[in-house]
Structure formats: structure tokens, C-alpha cells
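K.L.:
What follows is a single structure, and I will ask about it in a moment.
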Amino acid sequence: MTATTPHEVPARPRRRLPAWLEIVLAVIVVGLVQAFLVKPFGVPSQSMENTLQIGDRIVVNRLDSTVGRGDIVVFSHGETWQEPQLPEADNALARAARKVGDLTGIGPSNTAYTVKRVIGTPGDTVACCDGQGRVLVNSKPLDEPYVHDDHAFRSPELTCDTTPRSSRCFPEIRVPEDRLLVMGDHRSQSADSVVNCRGGTEAGGCARFVPMNRIVGPVVFRIWPLGTFGRITAG
């Protein structure tokens with residue numbers, strides 16, 4: 001038996017919160033981080049290859065409210081880009097699971113998310129193509145080294161002046177205020193802002209835009225797979 005000296009204070013047992021409360025607090029912390037700091041997403045499709053691959057896990061900076069041409073962004077929507085949220089789930093369990101997903105970013109959610117690259121900002125005019133098959137923004141060609149597997153464009157036999165026209169071509173589109181025009185890097189496999197305009201000669205409302213208030217934030221990091229971990233910069 002070991003005696004204590006007069007100056008020693010017996011150790012007090014460490015107090016712990018109830019397990020259920022620790023879980024609740026952890027969920028709240030995760031929710032706050034994702035709501036105000038950073039939010040992870042999975043890449044669901046091939047539309048951003050080869051910059052991003054299907055299954056990549058990316059992180060969005062929610063503190064950055066500035067979005068510029070060339071940025072890769074995640075935006076929210078419902079079953080279509082015009083709808084803010086998905087239709088309500090059929091049963092209470094699914095609705096509860098979606099609420100948890102909204103808070104933690106894990107599992108199902110009431111919102112769908114898409115990742116694309118910003119090509120046109122409010123007030124820009126965007127068209128395709130010049131004689132070299134390049135996208136024009138405000139009448140100036142873009143340098144787009146990130147584009148993968150674009151629509152066929154061969155001068156002089158398949159251009160914007162031939163019949164039939166190249167499916168790479170689309171008429172001049174003006175981006176409305178508080179909207180963005182976005183496109184995928186894998187151009188031939190991207191259902192993006194101009195998918196319904198390709199091959200046409202008149203814009204006539206064919207484009208679909210992303211409201212600025214639906215932008216979650218710019219993509220800043222890829223965190224999975226580990227071999228590709230690193231910062232993602234604007235094009």
C-alpha cells in the first residue's frame with residue numbers, strides 16, 4: 001500500500017459526457033464545418049474528365065464567395081437545374097436520412113449537386129467556334145488545355161459554316177445577371193449549360209444557367225484517391 005504525502009491530491013476520475021451527447025455534439029460540429037468552412041463531395045460522372053475522375057472526393061471552400069471564369073465549382077439543384085431541391089421523399093425514414101445528409105454531407109440529401117467549370121460570368125457573351133474550333137468569350141478565344149474529348153471539328157469539312165454543322169458549335173449566348181454559364185471539361189460527355197444549343201444557329205433560350213446563389217463554392221482540393229491528393233487550381 002502506497003501512502004500519499006500531505007501535499008498530494010488524489011486524482012479525480014475524468015468526467016465524460018454521455019455517449020449520446022458526444023454523438024450529437026460531433027454531428028453539430030461536422031454540420032457547422034460543412035455549412036461555413038469546407039464541404040466534401042464525390043464526383044458522380046465523367047463530365048469533368050480528365051481534370052476530375054468518377055469517384056474522386058473533392059473539397060469546396062465555402063468561405064470563398066468570389067467565382068471567376070475558369071473556376072471549377074459545385075452548385076446545388078433539384079431534379080433539374082431550375083429546381084432548388086429534390087422532390088420530398090416518400091416516407092419518414094427517408095426524409096430523416098436526408099436531413100442527416102444535409103447536415104453531415106454523408107448519405108442522401110434533399111439537394112443534388114453538380115460540378116462544372118465556369119466559362120461565362122454575368123454579362124459575358126459566349127459562342128463557339130472560331131476558325132480553330134475554340135470557344136469565344138466576349139469575342140476572344142479561350143485557351144483551354146483542360147478540355148478532353150471535344151466534339152468533332154475539322155476544317156474545312158466540318159465547321160460552323162458547313163452543312164451539317166459541327167456539334168461543337170453553338171450561337172452567341174449572353175449570360176444574364178446573377179447567372180453563370182458552365183461547361184464540363186469532357187465536352188462530348190457533358191450535359192452542361194450549352195448542351196441544348198449545340199449545332200444550332202439561334203440561341204432562343206436554349207441555354208440553361210446556374211444562379212449565383214446556388215453556388216456552394218469553388219473546388220480547392222482533391223482528397224481521394226490519396227495518390228492524387230492536392231490542390232486544384234483554376235484553368
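Convention: chains lettered A, B, ... in C-alpha cells order; per-chain residue numbering from 1; ligands numbered from 1 as shown.
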How would you write, as a short mmCIF file (atom, residue, chain, number, x, y, z; two decimals) with C-alpha atoms, in the first residue's frame, the set of residues in stretch 19-208 of chain A that DSSP gives as strand (DSSP E or B)?
P.N.:
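Written file, result_33.cif:
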data_model
loop_
_atom_site.label_atom_id
_atom_site.label_comp_id
_atom_site.auth_asym_id
_atom_site.auth_seq_id
_atom_site.Cartn_x
_atom_site.Cartn_y
_atom_site.Cartn_z
CA VAL A 38 -15.40 23.40 -46.26
CA LYS A 39 -17.64 20.69 -47.68
CA PRO A 40 -16.62 17.38 -49.31
CA PHE A 41 -18.30 15.98 -52.42
CA GLY A 42 -17.97 12.94 -54.62
CA ARG A 57 -13.55 13.13 -53.45
CA ILE A 58 -13.20 16.89 -53.64
CA VAL A 59 -13.40 19.73 -51.11
CA VAL A 60 -15.19 23.01 -51.70
CA ASN A 61 -14.20 26.24 -49.97
CA ILE A 72 -14.36 24.63 -61.03
CA VAL A 73 -17.45 24.96 -58.87
CA VAL A 74 -20.07 22.81 -57.19
CA PHE A 75 -23.67 24.00 -57.37
CA SER A 76 -26.94 22.71 -55.94
CA HIS A 77 -30.22 21.93 -57.69
CA ALA A 112 -28.47 17.26 -55.84
CA TYR A 113 -25.03 18.64 -56.64
CA THR A 114 -23.13 19.06 -59.89
CA VAL A 115 -19.54 20.06 -60.60
CA LYS A 116 -18.61 22.06 -63.72
CA ARG A 117 -16.18 24.72 -64.91
CA VAL A 118 -17.22 28.38 -65.16
CA ILE A 119 -16.93 29.64 -68.74
CA GLY A 120 -19.17 32.72 -68.73
CA THR A 125 -21.21 36.67 -74.36
CA VAL A 126 -20.18 33.09 -75.11
CA ALA A 127 -20.15 31.39 -78.52
CA CYS A 128 -18.44 28.62 -80.46
CA VAL A 135 -14.87 28.84 -77.56
CA LEU A 136 -15.20 32.62 -77.72
CA VAL A 137 -15.92 34.75 -74.65
CA LYS A 140 -11.93 36.42 -77.67
CA PRO A 141 -10.88 32.75 -77.95
CA HIS A 148 -10.84 16.35 -73.07
CA ARG A 154 -12.44 19.56 -88.80
CA LEU A 158 -16.92 20.02 -90.52
CA PHE A 170 -23.40 26.97 -80.66
CA PRO A 171 -24.74 30.52 -81.25
CA GLU A 172 -23.78 33.57 -79.22
CA ILE A 173 -25.31 33.46 -75.74
CA ARG A 174 -25.40 36.36 -73.30
CA ARG A 179 -26.07 33.72 -63.50
CA LEU A 180 -23.13 31.62 -64.68
CA LEU A 181 -22.57 29.61 -67.85
CA VAL A 182 -20.76 26.38 -67.06
CA MET A 183 -19.31 23.56 -69.13
CA HIS A 186 -15.08 16.27 -71.09
#
K.L.:
Please measure the separation of atom CA of A:Arg187 and atom CA of A:Gln53, giving the value in Å to one decimal.
P.N.:
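One can read the atom CA of A:Arg187 to atom CA of A:Gln53 distance as 14.0 Å.
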K.L.:
Would you list, as a ChimeraX atom specification, the residues of stretch 34-165 of chain A that end up in alpha helix (DSSP H) under DSSP run on this structure's backbone?
P.N.:
/A:34-36,92-104
